[in-house]
Amino acid sequence: MKAERTGYGPDEVPIREGCFVFPDNDRDRPRLIGSRCKKCGDVVFPKRKLCTLCDSDELMEEVFIGEKGILYTYTIVRAGFPNFETPYILGLVELPEAENLRILAQIEDCPLEEIRIGMPLEMTIGKIKMDTKTGKTVVGHKYRPAE
Amino acid sequence: MTKTAIVGAGMIRFGKFPDRYIEDMGAEAALNALRHAGMGHREIEAAYIGNVRNPPNAGQRILDEIGLSGIPTWNHENACGSSSAAFRDGYAAVAAGLYDKVLVIGVEQMTRLGKGLLQFEDGSSLDLDMGLVTPAMFSLMGMRHMEEFGTKPEHFAQISVKNHKQGTMNPYAQYQNELTLEEVLNSKMICDPITLLQCTPIGDGASAVVLTAGKIAKRYTNKPVEVKASVFTGGRYKGEGRAVGIESCVRASREAYERSGIGPEDLDVIELHDCFTVHELVAYEDLGLCPKGEGGRLVEEGVTALGGRIPVNPSGGLLSKGHPLGATGVGQIVELVWQLRGECGNRQVEGAKVALAHNGGGIGPGIEPAMMSITILTQ
């Protein structure tokens, strides 16, 4: 089983603050930080302040999600922004925590010819791109074929 | 609500003009529209301008070029739909009886100001930061469409062949060359299944229309085009349950059909937002031209080519014209006005009386396009 990183390496920055958590004493795998509505239970990612589905006026609560997912669709980006290594696989990953909960993520550790809609995936944290201003590596949530 | 009519339409040829400024391109298109209407420039009471990249108050400077100033002027940014938003606002003002004569202009300068369709800074959009290049939005839909419905890459590619062929008959199109299916399929792959020749080129350009209250339209033309519906909305997060279509297109077009009393089966001609071929195919379904999943069949049967039952993009579409962001929305309206007035020469859709303009784009929540505009016109 591939070891999961537990923090940022030297010269690494997150794609966003408050987007994901590394494994630690409470969990052995990384997680996304989403929002859950206390009234209807719907879950969204990225986080939002109020529910997108119901009229609850209570702020949504944080929830850890996304350990596993299914590849709903994908494309192979062959011509991209200059600070990305191409080709890379971009997917919509369907998460089980709510209806229609699909998030955009790069898919790693999968040869291009083996990528398939319907593949079971697991979340990981890895390199997304280079930050052109600082020269640092931007890391964030990604998915890879589940073992 | 007051009936609203389009009495003049004009544009400049879209192309790559790094030495031209939006002020002069916008003014040229506006002048063309006013001349088409036979209206004096100082009759205009208010102006609405669609533009993405301009410095502030572009509209006021464009109007000044044609000798107009001191009138209410609104500058709209709404990504690909900037001038569709401007049009909707101008239409709504006339319909509400606020003004009798307004000018709507769409304009963009891209070749000098920077490459790429939409430009964001890091931190604005998580999806963009993650590597969502604009074609990828539609590639994700295309790959799922192929999986669910057996649509083939050839179905998407054929749309580029169709639109380029139609573009050869449009003197205002940036590209006026025909392409073969092989050329389209073998061009550089950008994001599977979208190849380079299935992407709209960037460009510069301007377009304009003159709107009036219905009761005075006949002063300017004996062929006023009536705006039967102008619907503008935003993409909805988690909107499209299956990610093989665009929920806001379904929703906006249904509203437009209801408001106008016109259905998809009544349409004679459509100008739609073929930023990438995949978008055109799914739009056939979302507009109700065919059931979900059957867009490929319409392509195979030539239903949406000139001469088919419901020609789509007789102008050559964005694929041939290019996509000078702000100019695109009103550019679609200009083509449809000319079609409804029988002024389109070789690319004329015979007897066209009912037209629909579809403009949807921008990076919205959950990969939905940020905006969607549906306009129904009759003559």
# chains A, B, ... in the order shown; residues from 1 in each chain; ligands from 1
>>> interface_residues(of="chain A", to="chain B", cutoff="7 Å", atoms="only C-alpha atoms", output="JSON, numbers by chain")
{"A": [73, 74, 75, 76, 77, 78, 79, 80, 100, 104, 105, 128]}
>>> atom_distance(atom1="atom CA of Glu271 of chain B", atom2="atom CA of Val312 of chain B")
5.7 Å
>>> residues_around(residues="Val21 of chain A", least_positions_apart="3", cutoff="9 Å", atoms="only C-alpha atoms", output="list in words")
Thr6, Gly7, Gly18, Asp24, Arg29, Pro30, Arg31, Leu32, Ile33 and Phe64 of chain A
>>> write_last_selection(atoms="N, CA and C atoms", output="compact mmCIF listing (two decimals), in the first residue's frame")
# COMPACT_ATOMS: atom_id res chain seq x y z
N THR A 6 2.05 12.99 5.02
CA THR A 6 1.35 13.49 6.20
C THR A 6 1.52 15.00 6.36
N GLY A 7 2.14 15.63 5.43
CA GLY A 7 2.29 17.08 5.52
C GLY A 7 2.92 17.60 4.25
N GLY A 18 -7.77 25.06 3.83
CA GLY A 18 -9.07 24.57 4.30
C GLY A 18 -9.82 23.69 3.32
N ASP A 24 -3.65 11.78 9.97
CA ASP A 24 -3.03 12.11 11.27
C ASP A 24 -3.50 11.08 12.28
N ARG A 29 -6.11 8.17 6.25
CA ARG A 29 -6.10 8.58 4.86
C ARG A 29 -6.49 10.07 4.81
N PRO A 30 -6.05 10.75 3.75
CA PRO A 30 -6.43 12.16 3.64
C PRO A 30 -7.93 12.29 3.37
N ARG A 31 -8.44 13.49 3.65
CA ARG A 31 -9.86 13.74 3.40
C ARG A 31 -10.04 15.13 2.82
N LEU A 32 -11.14 15.28 2.11
CA LEU A 32 -11.57 16.61 1.69
C LEU A 32 -12.38 17.23 2.83
N ILE A 33 -12.39 18.56 2.87
CA ILE A 33 -13.27 19.24 3.83
C ILE A 33 -14.43 19.83 3.03
N PHE A 64 -15.82 15.81 6.83
CA PHE A 64 -14.70 15.19 6.11
C PHE A 64 -15.24 14.14 5.15
>>> residues_around(residues="Ala27 of chain B", least_positions_apart="5", cutoff="8 Å", atoms="only C-alpha atoms", output="PyMOL selection string")
chain B and resi 62-63+65-66
>>> closest_residue(among="B:Ile22, B:Ser315, B:Ala357, B:Ser125", to="Pro46 of chain A", atoms="only C-alpha atoms")
B:Ser125
>>> residues_around(residues="segment 285-299 of chain B", least_positions_apart="6", cutoff="10 Å", atoms="only C-alpha atoms", output="ChimeraX atom specification")
/B:145-146,148-159,162,244-254,257,263-265,267,278,305,308-310,356,358,374
>>> write_last_selection(atoms="N, CA and C atoms", output="mmCIF file, in the first residue's frame")
data_model
loop_
_atom_site.group_PDB
_atom_site.id
_atom_site.type_symbol
_atom_site.label_atom_id
_atom_site.label_comp_id
_atom_site.auth_asym_id
_atom_site.auth_seq_id
_atom_site.Cartn_x
_atom_site.Cartn_y
_atom_site.Cartn_z
ATOM 1 N N HIS B 145 -20.875 11.436 -22.642
ATOM 2 C CA HIS B 145 -21.902 11.288 -23.678
ATOM 3 C C HIS B 145 -21.597 10.079 -24.547
ATOM 4 N N MET B 146 -20.314 9.893 -24.869
ATOM 5 C CA MET B 146 -19.910 8.745 -25.681
ATOM 6 C C MET B 146 -20.163 7.446 -24.917
ATOM 7 N N GLU B 148 -22.337 6.924 -22.390
ATOM 8 C CA GLU B 148 -23.766 6.641 -22.121
ATOM 9 C C GLU B 148 -24.570 6.384 -23.375
ATOM 10 N N PHE B 149 -24.252 7.084 -24.479
ATOM 11 C CA PHE B 149 -25.136 7.047 -25.639
ATOM 12 C C PHE B 149 -24.482 6.473 -26.893
ATOM 13 N N GLY B 150 -23.226 6.083 -26.799
ATOM 14 C CA GLY B 150 -22.550 5.555 -27.976
ATOM 15 C C GLY B 150 -22.212 6.616 -29.010
ATOM 16 N N THR B 151 -22.258 7.879 -28.620
ATOM 17 C CA THR B 151 -21.844 8.950 -29.527
ATOM 18 C C THR B 151 -20.378 8.739 -29.875
ATOM 19 N N LYS B 152 -20.017 9.056 -31.141
ATOM 20 C CA LYS B 152 -18.646 8.795 -31.585
ATOM 21 C C LYS B 152 -17.884 10.113 -31.764
ATOM 22 N N PRO B 153 -16.558 10.067 -31.678
ATOM 23 C CA PRO B 153 -15.778 11.286 -31.958
ATOM 24 C C PRO B 153 -16.135 11.902 -33.313
ATOM 25 N N GLU B 154 -16.511 11.065 -34.273
ATOM 26 C CA GLU B 154 -16.873 11.575 -35.602
ATOM 27 C C GLU B 154 -18.111 12.466 -35.557
ATOM 28 N N HIS B 155 -19.033 12.159 -34.634
ATOM 29 C CA HIS B 155 -20.233 13.002 -34.536
ATOM 30 C C HIS B 155 -19.852 14.419 -34.140
ATOM 31 N N PHE B 156 -18.953 14.525 -33.160
ATOM 32 C CA PHE B 156 -18.520 15.862 -32.731
ATOM 33 C C PHE B 156 -17.746 16.547 -33.856
ATOM 34 N N ALA B 157 -16.830 15.803 -34.475
ATOM 35 C CA ALA B 157 -15.962 16.396 -35.492
ATOM 36 C C ALA B 157 -16.756 16.887 -36.698
ATOM 37 N N GLN B 158 -17.804 16.177 -37.048
ATOM 38 C CA GLN B 158 -18.606 16.542 -38.219
ATOM 39 C C GLN B 158 -19.229 17.935 -38.042
ATOM 40 N N ILE B 159 -19.478 18.318 -36.793
ATOM 41 C CA ILE B 159 -20.040 19.645 -36.526
ATOM 42 C C ILE B 159 -19.071 20.724 -36.981
ATOM 43 N N LYS B 162 -19.324 20.858 -40.765
ATOM 44 C CA LYS B 162 -20.568 21.561 -41.143
ATOM 45 C C LYS B 162 -20.414 23.058 -40.979
ATOM 46 N N VAL B 244 -24.300 15.189 -18.776
ATOM 47 C CA VAL B 244 -24.249 15.001 -20.226
ATOM 48 C C VAL B 244 -25.040 16.094 -20.916
ATOM 49 N N GLY B 245 -25.266 17.167 -20.217
ATOM 50 C CA GLY B 245 -25.992 18.276 -20.797
ATOM 51 C C GLY B 245 -25.862 19.459 -19.881
ATOM 52 N N ILE B 246 -26.547 20.510 -20.210
ATOM 53 C CA ILE B 246 -26.436 21.739 -19.430
ATOM 54 C C ILE B 246 -27.827 22.129 -18.935
ATOM 55 N N GLU B 247 -27.990 22.051 -17.625
ATOM 56 C CA GLU B 247 -29.303 22.257 -17.001
ATOM 57 C C GLU B 247 -29.849 23.650 -17.296
ATOM 58 N N SER B 248 -28.963 24.646 -17.283
ATOM 59 C CA SER B 248 -29.446 26.012 -17.484
ATOM 60 C C SER B 248 -29.957 26.203 -18.904
ATOM 61 N N CYS B 249 -29.459 25.416 -19.853
ATOM 62 C CA CYS B 249 -29.969 25.519 -21.229
ATOM 63 C C CYS B 249 -31.377 24.947 -21.292
ATOM 64 N N VAL B 250 -31.586 23.817 -20.653
ATOM 65 C CA VAL B 250 -32.925 23.227 -20.628
ATOM 66 C C VAL B 250 -33.895 24.203 -19.985
ATOM 67 N N ARG B 251 -33.484 24.733 -18.847
ATOM 68 C CA ARG B 251 -34.369 25.621 -18.065
ATOM 69 C C ARG B 251 -34.651 26.911 -18.806
ATOM 70 N N ALA B 252 -33.608 27.551 -19.352
ATOM 71 C CA ALA B 252 -33.780 28.844 -20.028
ATOM 72 C C ALA B 252 -34.581 28.683 -21.316
ATOM 73 N N SER B 253 -34.317 27.610 -22.068
ATOM 74 C CA SER B 253 -35.049 27.452 -23.327
ATOM 75 C C SER B 253 -36.518 27.147 -23.058
ATOM 76 N N ARG B 254 -36.791 26.357 -22.000
ATOM 77 C CA ARG B 254 -38.213 26.094 -21.684
ATOM 78 C C ARG B 254 -38.927 27.390 -21.346
ATOM 79 N N TYR B 257 -39.537 29.292 -24.550
ATOM 80 C CA TYR B 257 -40.630 28.697 -25.330
ATOM 81 C C TYR B 257 -41.976 29.067 -24.727
ATOM 82 N N GLY B 263 -42.389 26.750 -29.947
ATOM 83 C CA GLY B 263 -41.691 25.554 -29.493
ATOM 84 C C GLY B 263 -40.514 25.217 -30.386
ATOM 85 N N PRO B 264 -39.660 24.262 -29.963
ATOM 86 C CA PRO B 264 -38.480 23.916 -30.765
ATOM 87 C C PRO B 264 -38.863 23.450 -32.176
ATOM 88 N N GLU B 265 -40.042 22.859 -32.308
ATOM 89 C CA GLU B 265 -40.465 22.373 -33.628
ATOM 90 C C GLU B 265 -40.835 23.520 -34.568
ATOM 91 N N LEU B 267 -39.014 26.294 -34.884
ATOM 92 C CA LEU B 267 -37.840 27.094 -35.242
ATOM 93 C C LEU B 267 -37.403 26.836 -36.676
ATOM 94 N N VAL B 278 -18.546 19.742 -29.007
ATOM 95 C CA VAL B 278 -19.359 19.004 -28.030
ATOM 96 C C VAL B 278 -20.521 19.863 -27.553
ATOM 97 N N ALA B 305 -27.703 20.986 -40.797
ATOM 98 C CA ALA B 305 -26.893 21.655 -41.818
ATOM 99 C C ALA B 305 -27.813 22.525 -42.673
ATOM 100 N N GLY B 308 -31.045 21.361 -44.231
ATOM 101 C CA GLY B 308 -31.699 20.394 -43.353
ATOM 102 C C GLY B 308 -32.943 20.985 -42.721
ATOM 103 N N ARG B 309 -33.578 20.208 -41.886
ATOM 104 C CA ARG B 309 -34.843 20.645 -41.284
ATOM 105 C C ARG B 309 -34.674 21.877 -40.398
ATOM 106 N N ILE B 310 -33.581 21.960 -39.643
ATOM 107 C CA ILE B 310 -33.379 23.091 -38.729
ATOM 108 C C ILE B 310 -31.898 23.487 -38.745
ATOM 109 N N LEU B 356 -33.819 31.304 -33.140
ATOM 110 C CA LEU B 356 -33.405 31.213 -31.738
ATOM 111 C C LEU B 356 -31.905 31.427 -31.649
ATOM 112 N N HIS B 358 -28.734 31.021 -28.950
ATOM 113 C CA HIS B 358 -28.334 30.326 -27.710
ATOM 114 C C HIS B 358 -26.899 30.725 -27.408
ATOM 115 N N ILE B 374 -31.039 32.693 -23.904
ATOM 116 C CA ILE B 374 -31.851 32.176 -25.017
ATOM 117 C C ILE B 374 -32.735 33.309 -25.511
#
>>> select_by_dssp(residues="segment 18-133 of chain B", states="alpha helix (DSSP H)", output="ChimeraX atom specification")
/B:22-37,58-65,82-95,126-129
>>> write_last_selection(atoms="C-alpha atoms", output="PDB file, in the first residue's frame")
ATOM      1  CA  ILE B  22     -12.409  48.288 -29.018  1.00  0.00           C
ATOM      2  CA  GLU B  23     -13.337  51.940 -29.305  1.00  0.00           C
ATOM      3  CA  ASP B  24     -12.917  51.992 -33.057  1.00  0.00           C
ATOM      4  CA  MET B  25     -14.195  48.457 -33.738  1.00  0.00           C
ATOM      5  CA  GLY B  26     -17.288  49.072 -31.600  1.00  0.00           C
ATOM      6  CA  ALA B  27     -17.916  52.391 -33.304  1.00  0.00           C
ATOM      7  CA  GLU B  28     -17.694  50.825 -36.769  1.00  0.00           C
ATOM      8  CA  ALA B  29     -20.203  48.103 -35.876  1.00  0.00           C
ATOM      9  CA  ALA B  30     -22.522  50.637 -34.255  1.00  0.00           C
ATOM     10  CA  LEU B  31     -22.403  52.846 -37.327  1.00  0.00           C
ATOM     11  CA  ASN B  32     -23.206  49.829 -39.542  1.00  0.00           C
ATOM     12  CA  ALA B  33     -26.242  49.013 -37.389  1.00  0.00           C
ATOM     13  CA  LEU B  34     -27.495  52.605 -37.368  1.00  0.00           C
ATOM     14  CA  ARG B  35     -27.098  52.842 -41.165  1.00  0.00           C
ATOM     15  CA  HIS B  36     -28.954  49.531 -41.554  1.00  0.00           C
ATOM     16  CA  ALA B  37     -31.759  51.043 -39.477  1.00  0.00           C
ATOM     17  CA  ALA B  58     -15.517  51.210 -22.760  1.00  0.00           C
ATOM     18  CA  GLY B  59     -19.074  51.888 -23.862  1.00  0.00           C
ATOM     19  CA  GLN B  60     -18.841  55.608 -23.257  1.00  0.00           C
ATOM     20  CA  ARG B  61     -15.663  55.858 -25.330  1.00  0.00           C
ATOM     21  CA  ILE B  62     -17.153  53.829 -28.166  1.00  0.00           C
ATOM     22  CA  LEU B  63     -20.188  56.097 -28.294  1.00  0.00           C
ATOM     23  CA  ASP B  64     -18.008  59.186 -28.248  1.00  0.00           C
ATOM     24  CA  GLU B  65     -16.300  57.908 -31.441  1.00  0.00           C
ATOM     25  CA  SER B  82     -21.413  39.677 -22.201  1.00  0.00           C
ATOM     26  CA  SER B  83     -23.304  41.134 -25.128  1.00  0.00           C
ATOM     27  CA  SER B  84     -26.175  38.673 -24.670  1.00  0.00           C
ATOM     28  CA  ALA B  85     -26.498  40.144 -21.181  1.00  0.00           C
ATOM     29  CA  ALA B  86     -26.294  43.655 -22.674  1.00  0.00           C
ATOM     30  CA  PHE B  87     -28.969  42.720 -25.210  1.00  0.00           C
ATOM     31  CA  ARG B  88     -31.253  41.343 -22.512  1.00  0.00           C
ATOM     32  CA  ASP B  89     -30.887  44.554 -20.523  1.00  0.00           C
ATOM     33  CA  GLY B  90     -31.576  46.767 -23.552  1.00  0.00           C
ATOM     34  CA  TYR B  91     -34.581  44.653 -24.464  1.00  0.00           C
ATOM     35  CA  ALA B  92     -35.934  44.759 -20.917  1.00  0.00           C
ATOM     36  CA  ALA B  93     -35.616  48.558 -20.756  1.00  0.00           C
ATOM     37  CA  VAL B  94     -37.550  49.040 -23.989  1.00  0.00           C
ATOM     38  CA  ALA B  95     -40.129  46.420 -22.990  1.00  0.00           C
ATOM     39  CA  LEU B 126     -10.604  26.199  -7.674  1.00  0.00           C
ATOM     40  CA  ASP B 127     -11.523  24.362 -10.866  1.00  0.00           C
ATOM     41  CA  LEU B 128      -9.254  26.529 -12.978  1.00  0.00           C
ATOM     42  CA  ASP B 129      -6.467  26.253 -10.419  1.00  0.00           C
TER      43      ASP B 129
END
>>> residues_around(residues="Cys40 of chain A", least_positions_apart="5", cutoff="12 Å", atoms="only C-alpha atoms", output="list in words")
Ser35, Leu50, Cys51, Thr52, Leu53, Cys54, Asp55, Ser56, Asp57, Glu58, Met60, Glu61, Ala98 and Glu99 of chain A
>>> write_last_selection(atoms="C-alpha atoms", output="mmCIF file, in the first residue's frame")
data_model
loop_
_atom_site.group_PDB
_atom_site.id
_atom_site.type_symbol
_atom_site.label_atom_id
_atom_site.label_comp_id
_atom_site.auth_asym_id
_atom_site.auth_seq_id
_atom_site.Cartn_x
_atom_site.Cartn_y
_atom_site.Cartn_z
ATOM 1 C CA SER A 35 -19.951 21.321 3.954
ATOM 2 C CA LEU A 50 -25.463 28.101 3.107
ATOM 3 C CA CYS A 51 -27.198 25.073 1.643
ATOM 4 C CA THR A 52 -27.531 24.956 -2.132
ATOM 5 C CA LEU A 53 -30.647 22.782 -2.002
ATOM 6 C CA CYS A 54 -32.880 23.754 0.925
ATOM 7 C CA ASP A 55 -33.869 26.973 2.614
ATOM 8 C CA SER A 56 -32.133 26.368 5.919
ATOM 9 C CA ASP A 57 -30.669 29.615 7.212
ATOM 10 C CA GLU A 58 -28.164 27.865 9.467
ATOM 11 C CA MET A 60 -23.446 24.589 6.908
ATOM 12 C CA GLU A 61 -21.103 22.505 9.083
ATOM 13 C CA ALA A 98 -24.526 12.846 -1.212
ATOM 14 C CA GLU A 99 -26.518 12.879 -4.467
#
>>> atom_distance(atom1="atom CA of Ala352 of chain B", atom2="atom CA of Val303 of chain B")
15.4 Å
>>> atom_distance(atom1="atom CA of Gly234 of chain B", atom2="atom CA of Ala355 of chain B")
22.2 Å
>>> residues_around(residues="Ala96 of chain B", least_positions_apart="5", cutoff="10 Å", atoms="only C-alpha atoms", output="count of residues only")
7
>>> closest_residue(among="B:Asn313, B:His41, B:Ile105, B:Phe232", to="Tyr284 of chain B", atoms="only C-alpha atoms")
B:Asn313
>>> decode(residues="segment 89-107 of chain B", atoms="C-alpha atoms", output="short mmCIF file (atom, residue, chain, number, x, y, z; two decimals), in the first residue's frame")
data_model
loop_
_atom_site.label_atom_id
_atom_site.label_comp_id
_atom_site.auth_asym_id
_atom_site.auth_seq_id
_atom_site.Cartn_x
_atom_site.Cartn_y
_atom_site.Cartn_z
CA ASP B 89 -30.89 44.55 -20.52
CA GLY B 90 -31.58 46.77 -23.55
CA TYR B 91 -34.58 44.65 -24.46
CA ALA B 92 -35.93 44.76 -20.92
CA ALA B 93 -35.62 48.56 -20.76
CA VAL B 94 -37.55 49.04 -23.99
CA ALA B 95 -40.13 46.42 -22.99
CA ALA B 96 -40.62 48.23 -19.70
CA GLY B 97 -41.23 51.48 -21.54
CA LEU B 98 -38.13 53.23 -20.17
CA TYR B 99 -36.69 54.03 -23.61
CA ASP B 100 -37.95 53.85 -27.18
CA LYS B 101 -34.61 53.53 -28.99
CA VAL B 102 -31.51 51.81 -27.68
CA LEU B 103 -28.21 50.65 -29.12
CA VAL B 104 -26.61 47.36 -28.07
CA ILE B 105 -22.97 46.73 -28.94
CA GLY B 106 -20.70 43.73 -28.43
CA VAL B 107 -16.95 44.15 -28.84
#
